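Data file: input.cif. Format and content: mmCIF, C-alpha atoms.
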data_upload
loop_
_atom_site.label_atom_id
_atom_site.label_comp_id
_atom_site.auth_asym_id
_atom_site.auth_seq_id
_atom_site.Cartn_x
_atom_site.Cartn_y
_atom_site.Cartn_z
CA MET A 1 0.00 0.00 0.00
CA PRO A 2 2.60 2.60 -1.05
CA ILE A 3 1.92 6.31 -1.16
CA ALA A 4 3.20 9.09 -3.35
CA PRO A 5 2.00 12.44 -4.68
CA PRO A 6 0.36 12.43 -8.13
CA SER A 7 3.03 11.85 -10.74
CA PRO A 8 3.28 12.82 -14.41
CA ARG A 9 3.08 10.28 -17.13
CA ALA A 10 6.30 8.60 -18.12
CA PRO A 11 8.12 10.48 -20.89
CA VAL A 12 8.58 9.08 -24.33
CA PRO A 13 11.79 7.04 -24.32
CA ASP A 14 14.72 9.00 -25.62
CA THR A 15 18.16 7.91 -26.62
CA ARG A 16 21.43 8.32 -24.79
CA ASP A 17 24.99 7.39 -25.60
CA GLY A 18 24.45 7.82 -29.30
CA ASP A 19 21.61 5.75 -30.70
CA ARG A 20 21.38 3.23 -27.83
CA PRO A 21 17.82 3.34 -26.36
CA GLU A 22 17.31 4.05 -22.69
CA THR A 23 16.64 0.85 -20.72
CA PRO A 24 13.48 0.38 -18.59
CA ALA A 25 15.63 0.50 -15.44
CA GLN A 26 16.95 3.92 -16.46
CA ARG A 27 13.39 5.11 -17.03
CA LEU A 28 12.18 3.76 -13.67
CA SER A 29 10.62 6.57 -11.67
CA TRP A 30 11.37 7.24 -8.00
CA VAL A 31 7.61 6.71 -7.49
CA VAL A 32 7.88 3.08 -8.59
CA ARG A 33 10.89 2.46 -6.33
CA MET A 34 9.21 4.11 -3.35
CA HIS A 35 5.99 2.16 -3.94
CA TYR A 36 7.99 -1.06 -3.97
CA ARG A 37 9.56 -0.32 -0.60
CA MET A 38 6.27 0.81 0.96
CA ARG A 39 4.29 -2.11 -0.50
CA THR A 40 6.84 -4.63 0.75
CA ALA A 41 6.85 -3.15 4.26
CA ALA A 42 3.06 -2.70 4.47
CA PHE A 43 2.27 -6.18 3.17
CA GLY A 44 4.85 -7.63 5.54
CA MET A 45 3.17 -5.91 8.52
CA LEU A 46 -0.20 -7.16 7.27
CA PHE A 47 1.19 -10.71 7.19
CA LEU A 48 2.22 -10.38 10.85
CA ALA A 49 -1.28 -9.17 11.71
CA VAL A 50 -2.78 -12.19 9.91
CA CYS A 51 -0.45 -14.49 11.86
CA LEU A 52 -1.66 -12.99 15.15
CA HIS A 53 -5.24 -13.22 13.99
CA ALA A 54 -4.74 -16.93 13.12
CA ARG A 55 -4.01 -17.60 16.81
CA VAL A 56 -7.66 -17.07 17.66
CA GLU A 57 -9.40 -17.71 14.33
CA THR A 58 -8.79 -20.75 12.14
CA VAL A 59 -7.42 -19.91 8.68
CA ARG A 60 -7.83 -22.47 5.92
CA ILE A 61 -4.73 -23.81 4.22
CA ASP A 62 -5.74 -22.48 0.80
CA VAL A 63 -6.30 -19.04 2.34
CA TRP A 64 -2.81 -19.24 3.87
CA LEU A 65 -1.43 -20.11 0.45
CA PHE A 66 -3.22 -17.18 -1.16
CA LEU A 67 -2.15 -14.75 1.60
CA GLY A 68 1.41 -16.00 1.47
CA LEU A 69 1.66 -15.34 -2.25
CA LEU A 70 -0.09 -11.97 -1.91
CA LEU A 71 1.71 -10.58 1.13
CA ILE A 72 5.18 -12.03 0.55
CA ALA A 73 5.71 -12.63 -3.18
CA TYR A 74 3.27 -10.17 -4.77
CA PRO A 75 5.19 -6.91 -4.01
CA HIS A 76 8.32 -8.25 -5.73
CA LEU A 77 6.35 -9.53 -8.73
CA GLN A 78 4.66 -6.15 -9.19
CA PHE A 79 7.97 -4.32 -8.99
CA ARG A 80 9.47 -6.70 -11.54
CA ARG A 81 6.48 -6.04 -13.79
CA ALA A 82 6.99 -2.28 -13.57
CA GLN A 83 10.70 -2.69 -14.25
CA ARG A 84 10.04 -4.52 -17.50
CA SER A 85 7.31 -2.16 -18.64
CA SER A 86 7.90 0.41 -21.37
CA ALA A 87 5.82 2.85 -19.27
CA PRO A 88 6.66 2.09 -15.60
CA LEU A 89 4.49 4.83 -14.12
CA ASP A 90 1.38 3.71 -16.00
CA THR A 91 2.04 0.14 -14.94
CA GLU A 92 2.41 1.21 -11.32
CA MET A 93 -0.93 3.01 -11.42
CA HIS A 94 -2.50 -0.28 -12.57
CA ASN A 95 -0.64 -2.03 -9.74
CA LEU A 96 -2.38 0.25 -7.22
CA SER A 97 -5.76 -0.83 -8.56
CA ALA A 98 -4.67 -4.46 -8.32
CA ASP A 99 -3.68 -3.84 -4.67
CA SER A 100 -7.23 -2.74 -3.84
CA LEU A 101 -8.76 -5.73 -5.61
CA LEU A 102 -6.48 -8.32 -3.97
CA LEU A 103 -6.75 -6.80 -0.51
CA GLY A 104 -10.54 -6.93 -0.84
CA ILE A 105 -10.23 -10.65 -1.63
CA SER A 106 -7.97 -11.20 1.40
CA ALA A 107 -10.38 -9.35 3.70
CA ALA A 108 -13.25 -11.60 2.57
CA ALA A 109 -11.09 -14.74 2.87
CA LEU A 110 -10.38 -13.86 6.52
CA GLY A 111 -14.05 -13.10 7.30
CA PHE A 112 -13.63 -9.31 7.40
CA PRO A 113 -11.79 -8.95 10.74
CA LEU A 114 -12.40 -5.34 11.80
CA TRP A 115 -8.94 -3.90 12.28
CA ILE A 116 -7.27 -5.86 9.47
CA THR A 117 -10.03 -4.86 7.04
CA PHE A 118 -10.04 -1.25 8.23
CA SER A 119 -6.22 -0.98 7.97
CA THR A 120 -6.03 -2.47 4.48
CA LEU A 121 -8.94 -0.39 3.17
CA LEU A 122 -7.70 2.89 4.69
CA GLY A 123 -4.14 2.29 3.49
CA THR A 124 -5.02 1.51 -0.11
CA LEU A 125 -7.70 4.23 -0.16
CA SER A 126 -5.20 6.85 1.02
CA ASN A 127 -2.60 5.62 -1.40
CA ASN A 128 -4.86 5.70 -4.47
CA THR A 129 -6.25 9.11 -3.51
CA ALA A 130 -2.76 10.55 -3.19
CA ASN A 131 -1.75 9.19 -6.59
CA LYS A 132 -4.98 9.63 -8.56
CA GLY A 133 -6.99 12.28 -6.74
CA TRP A 134 -10.72 11.99 -6.21
CA PRO A 135 -11.13 9.42 -9.01
CA GLY A 136 -8.83 7.19 -6.95
CA VAL A 137 -11.42 7.10 -4.14
CA ALA A 138 -14.16 5.67 -6.35
CA GLU A 139 -11.71 3.32 -8.06
CA THR A 140 -10.45 1.96 -4.73
CA LEU A 141 -13.90 1.42 -3.26
CA LEU A 142 -15.04 -0.32 -6.45
CA ALA A 143 -11.95 -2.55 -6.65
CA PHE A 144 -12.02 -3.40 -2.93
CA SER A 145 -15.74 -4.24 -3.08
CA THR A 146 -15.22 -6.35 -6.19
CA GLY A 147 -12.43 -8.20 -4.48
CA ALA A 148 -14.59 -8.80 -1.41
CA LEU A 149 -17.32 -10.27 -3.62
CA LEU A 150 -14.81 -12.52 -5.37
CA GLY A 151 -13.35 -13.66 -2.05
CA GLY A 152 -16.78 -14.33 -0.64
CA THR A 153 -17.71 -16.28 -3.75
CA VAL A 154 -14.63 -18.49 -3.46
CA TRP A 155 -14.46 -18.99 0.34
CA GLY A 156 -17.97 -18.13 1.37
CA PHE A 157 -19.29 -15.01 3.00
CA ARG A 158 -18.36 -14.93 6.69
CA LEU A 159 -18.34 -12.00 9.08
CA VAL A 160 -15.84 -12.38 11.91
CA PRO A 161 -15.26 -8.76 12.94
CA GLY A 162 -13.62 -9.43 16.30
CA ASN A 163 -9.86 -9.13 16.85
CA ASP A 164 -7.92 -9.99 19.96
CA LEU A 165 -5.94 -7.28 21.69
CA PRO A 166 -2.47 -8.14 20.24
CA THR A 167 -3.85 -8.10 16.69
CA THR A 168 -5.70 -4.85 17.33
CA LEU A 169 -2.64 -3.17 18.81
CA LEU A 170 -0.42 -4.38 15.97
CA CYS A 171 -2.88 -3.04 13.39
CA ILE A 172 -3.06 0.31 15.19
CA VAL A 173 0.75 0.56 15.39
CA CYS A 174 1.28 -0.54 11.79
CA LEU A 175 -1.45 1.74 10.43
CA THR A 176 -0.03 4.66 12.40
CA ALA A 177 3.47 3.94 11.16
CA TYR A 178 2.19 3.66 7.60
CA LEU A 179 0.32 6.97 7.75
CA VAL A 180 3.32 8.68 9.39
CA ALA A 181 5.53 7.33 6.61
CA MET A 182 3.06 8.63 4.06
CA GLY A 183 3.17 12.06 5.72
CA HIS A 184 6.96 12.01 5.80
CA ILE A 185 7.13 11.12 2.11
CA ALA A 186 4.68 13.91 1.28
CA PHE A 187 6.71 16.33 3.43
CA THR A 188 9.93 15.31 1.73
CA ARG A 189 8.44 15.80 -1.73
CA ILE A 190 6.94 19.16 -0.75
CA GLN A 191 10.29 20.23 0.68
CA ARG A 192 12.05 19.18 -2.52
CA LEU A 193 9.46 21.04 -4.57
CA ARG A 194 9.92 24.11 -2.36
CA ASP A 195 13.69 23.90 -2.76
CA THR A 196 13.28 23.44 -6.49
CA ARG A 197 10.91 26.40 -6.67
CA GLU A 198 13.30 28.57 -4.69
CA ALA A 199 16.15 27.48 -6.93
CA LEU A 200 14.07 28.30 -10.00
CA GLN A 201 13.15 31.68 -8.51
CA GLN A 202 16.82 32.37 -7.81
CA ARG A 203 17.69 31.35 -11.36
CA GLU A 204 14.92 33.62 -12.59
CA ARG A 205 16.36 36.49 -10.54
CA ASP A 206 19.82 35.70 -11.86
CA LEU A 207 18.42 35.55 -15.38
CA MET A 208 16.65 38.87 -14.93
CA ALA A 209 19.86 40.42 -13.57
CA ALA A 210 21.81 38.99 -16.48
CA ASN A 211 19.14 40.25 -18.87
CA ALA A 212 19.32 43.72 -17.30
CA ALA A 213 23.10 43.65 -17.61
CA LEU A 214 22.74 42.53 -21.21
CA GLN A 215 20.31 45.37 -21.89
CA ARG A 216 22.78 47.82 -20.37
CA ASN A 217 25.54 46.36 -22.50
CA LEU A 218 23.36 46.62 -25.59
CA LEU A 219 22.58 50.25 -24.78
CA GLU A 220 26.29 50.90 -24.29
CA ILE A 221 27.03 49.15 -27.58
CA ASP A 222 24.34 51.20 -29.32
CA ALA A 223 25.80 54.35 -27.82
CA LEU A 224 29.29 53.34 -28.91
CA GLN A 225 28.03 52.49 -32.39
CA GLU A 226 26.32 55.86 -32.58
CA GLN A 227 29.50 57.49 -31.37
CA LEU A 228 31.50 55.62 -33.99
CA ARG A 229 29.00 56.64 -36.68
CA GLU A 230 29.32 60.24 -35.56
CA GLN A 231 33.10 59.99 -35.50
CA ALA A 232 33.02 58.56 -38.99
CA ILE A 233 31.18 61.61 -40.34
CA ARG A 234 32.47 64.36 -38.03
CA ASP A 235 35.67 66.33 -37.98
CA PRO A 236 37.37 65.54 -34.64
CA LEU A 237 38.51 69.11 -33.96
CA THR A 238 35.55 71.26 -34.94
CA GLY A 239 32.70 68.77 -34.68
CA LEU A 240 31.46 69.76 -38.14
CA TYR A 241 30.66 67.18 -40.79
CA ASN A 242 33.65 65.86 -42.73
CA ARG A 243 34.27 65.62 -46.47
CA ARG A 244 32.95 62.03 -46.64
CA TYR A 245 29.56 62.99 -45.24
CA LEU A 246 29.40 66.12 -47.38
CA ASP A 247 30.03 64.19 -50.60
CA ALA A 248 27.21 61.73 -49.85
CA THR A 249 24.83 64.49 -48.81
CA LEU A 250 25.62 66.67 -51.82
CA GLU A 251 24.77 63.87 -54.25
CA ARG A 252 21.46 63.30 -52.48
CA GLU A 253 20.60 67.03 -52.37
CA LEU A 254 21.52 67.50 -56.01
CA ALA A 255 19.15 64.68 -57.00
CA ARG A 256 16.38 66.27 -54.93
CA SER A 257 17.13 69.71 -56.37
CA GLN A 258 16.78 68.45 -59.93
CA ARG A 259 13.67 66.40 -59.11
CA ASP A 260 11.89 69.31 -57.39
CA GLY A 261 13.29 72.07 -59.59
CA GLN A 262 14.80 73.85 -56.57
CA PRO A 263 18.12 75.74 -56.48
CA LEU A 264 21.11 74.72 -54.36
CA ALA A 265 24.21 76.68 -53.34
CA LEU A 266 27.70 75.96 -52.05
CA ILE A 267 29.80 78.40 -50.05
CA LEU A 268 33.46 77.40 -50.00
CA MET A 269 35.60 79.48 -47.62
CA ASP A 270 39.22 79.62 -46.67
CA LEU A 271 40.95 81.42 -43.77
CA ASP A 272 43.29 84.15 -45.01
CA HIS A 273 46.94 83.88 -43.93
CA PHE A 274 46.16 80.99 -41.62
CA LYS A 275 49.72 79.71 -41.78
CA ARG A 276 50.85 83.03 -40.40
CA VAL A 277 48.59 82.56 -37.37
CA ASN A 278 50.06 79.12 -36.69
CA ASP A 279 53.64 80.32 -37.17
CA THR A 280 53.17 83.42 -35.02
CA TYR A 281 50.98 82.19 -32.15
CA GLY A 282 51.25 78.39 -32.42
CA HIS A 283 48.93 75.65 -33.54
CA GLN A 284 46.74 75.98 -30.48
CA ALA A 285 45.92 79.51 -31.53
CA GLY A 286 45.19 78.24 -35.03
CA ASP A 287 42.89 75.56 -33.60
CA GLU A 288 40.99 78.21 -31.64
CA VAL A 289 40.43 80.22 -34.80
CA LEU A 290 39.12 77.11 -36.56
CA LEU A 291 36.79 76.39 -33.65
CA GLN A 292 35.37 79.93 -33.63
CA LEU A 293 34.67 79.73 -37.35
CA ALA A 294 33.00 76.32 -36.88
CA ARG A 295 30.74 77.75 -34.14
CA LEU A 296 29.82 80.69 -36.35
CA LEU A 297 28.90 78.37 -39.24
CA THR A 298 26.77 76.24 -36.91
CA ASP A 299 24.97 79.34 -35.60
CA MET A 300 24.30 80.81 -39.04
CA ALA A 301 23.28 77.54 -40.74
CA ARG A 302 19.58 76.95 -41.33
CA VAL A 303 17.81 73.70 -40.60
CA GLY A 304 18.78 71.49 -43.52
CA ASP A 305 22.07 73.30 -44.25
CA VAL A 306 25.24 71.23 -43.92
CA ALA A 307 28.36 72.87 -42.46
CA SER A 308 31.54 70.87 -42.96
CA ARG A 309 35.28 71.15 -42.72
CA HIS A 310 36.51 70.64 -46.24
CA GLY A 311 40.13 70.12 -45.23
CA GLY A 312 42.81 72.13 -43.40
CA GLU A 313 41.56 75.71 -43.12
CA GLU A 314 38.87 75.26 -45.79
CA PHE A 315 35.19 75.05 -44.80
CA LEU A 316 32.07 74.52 -46.83
CA LEU A 317 28.41 75.36 -46.28
CA LEU A 318 25.87 73.42 -48.35
CA MET A 319 22.53 75.23 -48.61
CA PRO A 320 19.64 73.40 -50.32
CA THR A 321 16.81 75.46 -51.88
CA MET A 322 18.96 78.61 -51.83
CA SER A 323 19.46 80.74 -54.94
CA LEU A 324 22.78 82.21 -56.05
CA ALA A 325 21.74 85.77 -55.10
CA THR A 326 20.69 84.75 -51.59
CA ALA A 327 23.87 82.71 -51.21
CA ARG A 328 25.95 85.86 -51.97
CA GLU A 329 24.09 87.75 -49.24
CA ARG A 330 24.68 84.93 -46.76
CA ALA A 331 28.35 84.72 -47.72
CA GLU A 332 28.83 88.47 -47.25
CA ALA A 333 27.14 88.34 -43.86
CA LEU A 334 29.32 85.41 -42.85
CA ARG A 335 32.51 87.13 -44.04
CA HIS A 336 31.63 90.39 -42.31
CA THR A 337 30.65 88.72 -39.00
CA PHE A 338 33.78 86.60 -38.85
CA GLY A 339 36.07 89.48 -39.80
CA ALA A 340 34.63 91.56 -36.95
CA MET A 341 35.15 88.82 -34.32
CA GLU A 342 37.85 89.09 -31.69
CA ILE A 343 38.99 85.56 -30.88
CA PRO A 344 40.35 85.27 -27.31
CA PHE A 345 43.55 83.30 -26.92
CA GLY A 346 45.27 83.75 -23.59
CA ASN A 347 45.86 87.46 -23.17
CA LEU A 348 45.52 88.04 -26.91
CA LYS A 349 42.59 88.94 -29.13
CA LEU A 350 43.09 87.29 -32.51
CA ARG A 351 41.42 88.40 -35.70
CA ALA A 352 41.12 86.62 -39.04
CA THR A 353 39.33 87.04 -42.35
CA LEU A 354 37.71 84.81 -44.93
CA SER A 355 37.91 84.45 -48.68
CA ILE A 356 34.75 82.87 -50.09
CA GLY A 357 33.82 81.22 -53.37
CA ILE A 358 30.22 80.46 -54.32
CA ALA A 359 28.74 77.92 -56.71
CA ALA A 360 25.06 77.30 -57.38
CA CYS A 361 22.89 74.73 -59.13
CA PRO A 362 21.79 75.02 -61.88
CA ASP A 363 23.70 78.29 -62.50
CA HIS A 364 27.17 76.71 -62.46
CA GLY A 365 26.37 73.06 -63.14
CA THR A 366 24.24 70.15 -62.07
CA THR A 367 26.87 67.72 -60.78
CA ALA A 368 28.99 67.73 -57.65
CA GLU A 369 32.14 67.89 -59.76
CA ASP A 370 30.86 70.98 -61.60
CA LEU A 371 29.93 72.76 -58.38
CA PHE A 372 33.18 72.00 -56.59
CA ARG A 373 35.18 73.07 -59.61
CA HIS A 374 33.35 76.39 -59.89
CA ALA A 375 33.44 77.07 -56.12
CA ASP A 376 37.18 76.39 -56.07
CA ARG A 377 37.75 78.76 -59.02
CA ALA A 378 35.67 81.46 -57.33
CA LEU A 379 37.64 81.02 -54.11
CA TYR A 380 40.90 81.33 -56.05
CA GLN A 381 39.54 84.48 -57.63
CA ALA A 382 38.73 85.96 -54.21
CA LYS A 383 42.24 85.16 -53.03
CA HIS A 384 43.79 86.60 -56.16
CA GLU A 385 41.80 89.81 -55.86
CA GLY A 386 43.13 90.54 -52.39
CA ARG A 387 41.40 88.11 -49.94
CA ASN A 388 38.64 88.93 -47.47
CA ARG A 389 36.03 88.99 -50.18
CA VAL A 390 33.32 86.94 -51.89
CA ALA A 391 33.40 85.73 -55.49
CA SER A 392 30.97 83.63 -57.54
#
Take the structure in the file and give it back as structure tokens.
Amino acid sequence: MPIAPPSPRAPVPDTRDGDRPETPAQRLSWVVRMHYRMRTAAFGMLFLAVCLHARVETVRIDVWLFLGLLLIAYPHLQFRRAQRSSAPLDTEMHNLSADSLLLGISAAALGFPLWITFSTLLGTLSNNTANKGWPGVAETLLAFSTGALLGGTVWGFRLVPGNDLPTTLLCIVCLTAYLVAMGHIAFTRIQRLRDTREALQQRERDLMAANAALQRNLLEIDALQEQLREQAIRDPLTGLYNRRYLDATLERELARSQRDGQPLALILMDLDHFKRVNDTYGHQAGDEVLLQLARLLTDMARVGDVASRHGGEEFLLLMPTMSLATARERAEALRHTFGAMEIPFGNLKLRATLSIGIAACPDHGTTAEDLFRHADRALYQAKHEGRNRVAS
């Protein structure tokens, strides 16, 4: 009369060690092993109770033979059957039903002694309920009753409810021990489930922490990637766009300009006598001049304009949808504002001027090569005519 919590069905046999199938012994559930131990112990105690009962009530030889096979050999045969089964758990559930049937037969064969019958019925009823739930109650009562009918049919219906004191005490002690063992097994399984649940919760917390760390890493990676993308298209000193970004943007804006029939202008500028600033005050002073010009371009650029460092002391302002005439006005304003700036450097106030060349689409061409060529020629013209001026 073993006891165990409800168990899942046996899994479909898998393979281990390559293609070698798992053996039935490897598939054998702890439930089957525990049932074997409990059944052996419980049936052994029941045999002792029958022996005490036989001191005061005569037991026929054929009943002794049946009880001997049932209470001594049967547990081992059932375990062997489960071992050889392809689905040990299912087989063990059938074994529990067989327990109820056979114990009903034994109760009838003995004449339904009160404590022996009560102990066997309560034990198998508790066991089946624990393993099968409420359906196990009905199944046990039906199987036990069927067994009692079969036993009565074979050995006659007798009712000998009395038990002497030693038999009664033994049944009480054995039934108590059995129920305590059942409770201990249930406690052990609940404790293992609790430990497993706590372990799973800890793993879940660890997983959540790892996931949070991964999310932080991904955010850091995204930020680094964005930083790398910015570094790839930005000038490291001034923070303006570089020549690579400008070339890609100019091709795109030229295509849009031609598609929409809108003008586009380029302002190419160069610092006058910049080498003299570096030679006289040092490269740090030259860098400060470049930074002030970059800030001015950023401040004066419209939304959609692209300010870039073209190389060295050359800068370029790309202005979509701007006509040549408006570009001249913007260039003059830029030249005048920068020429009037006093650039602080230590105790000094540096001043610098700009020479500017302008090119516009479609006035001077419709390709990037045409516009750059014309802007460069206009810038050369401004330099040649005395610097600090605008040419187009």
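Picture a line from CA of Glu385 (chain A) to CA of Ser355 (chain A); it runs 9.8 Å.
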**Asked** What is the distance between CA of Phe345 (chain A) and CA of Val306 (chain A), in Å to one decimal?
**Response**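 These two atoms are separated by 27.7 Å.
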**Request:** Please tell me which residues are no farther than 8 Å from (28.4, 65.1, -33.2) in the file, counting only C-alpha atoms, and write them as a PyMOL selection string.
**Result:** chain A and resi 227+230-231+234+239-240
**Prompt:** By how many Å are CA of Ser308 (chain A) and CA of Leu219 (chain A) apart?
**Reply:**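 Interatomic distance here is 28.9 Å.
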**Prompt:** Hey, what comes out of the PyMOL selection byres ((chain A and resi 326-341) around 10) on this file? Could you write it as number ranges by chain?
**Reply:** A: 264-269, 292-293, 296-297, 300-301, 317-319, 322-325, 342-344, 349-360, 388-392
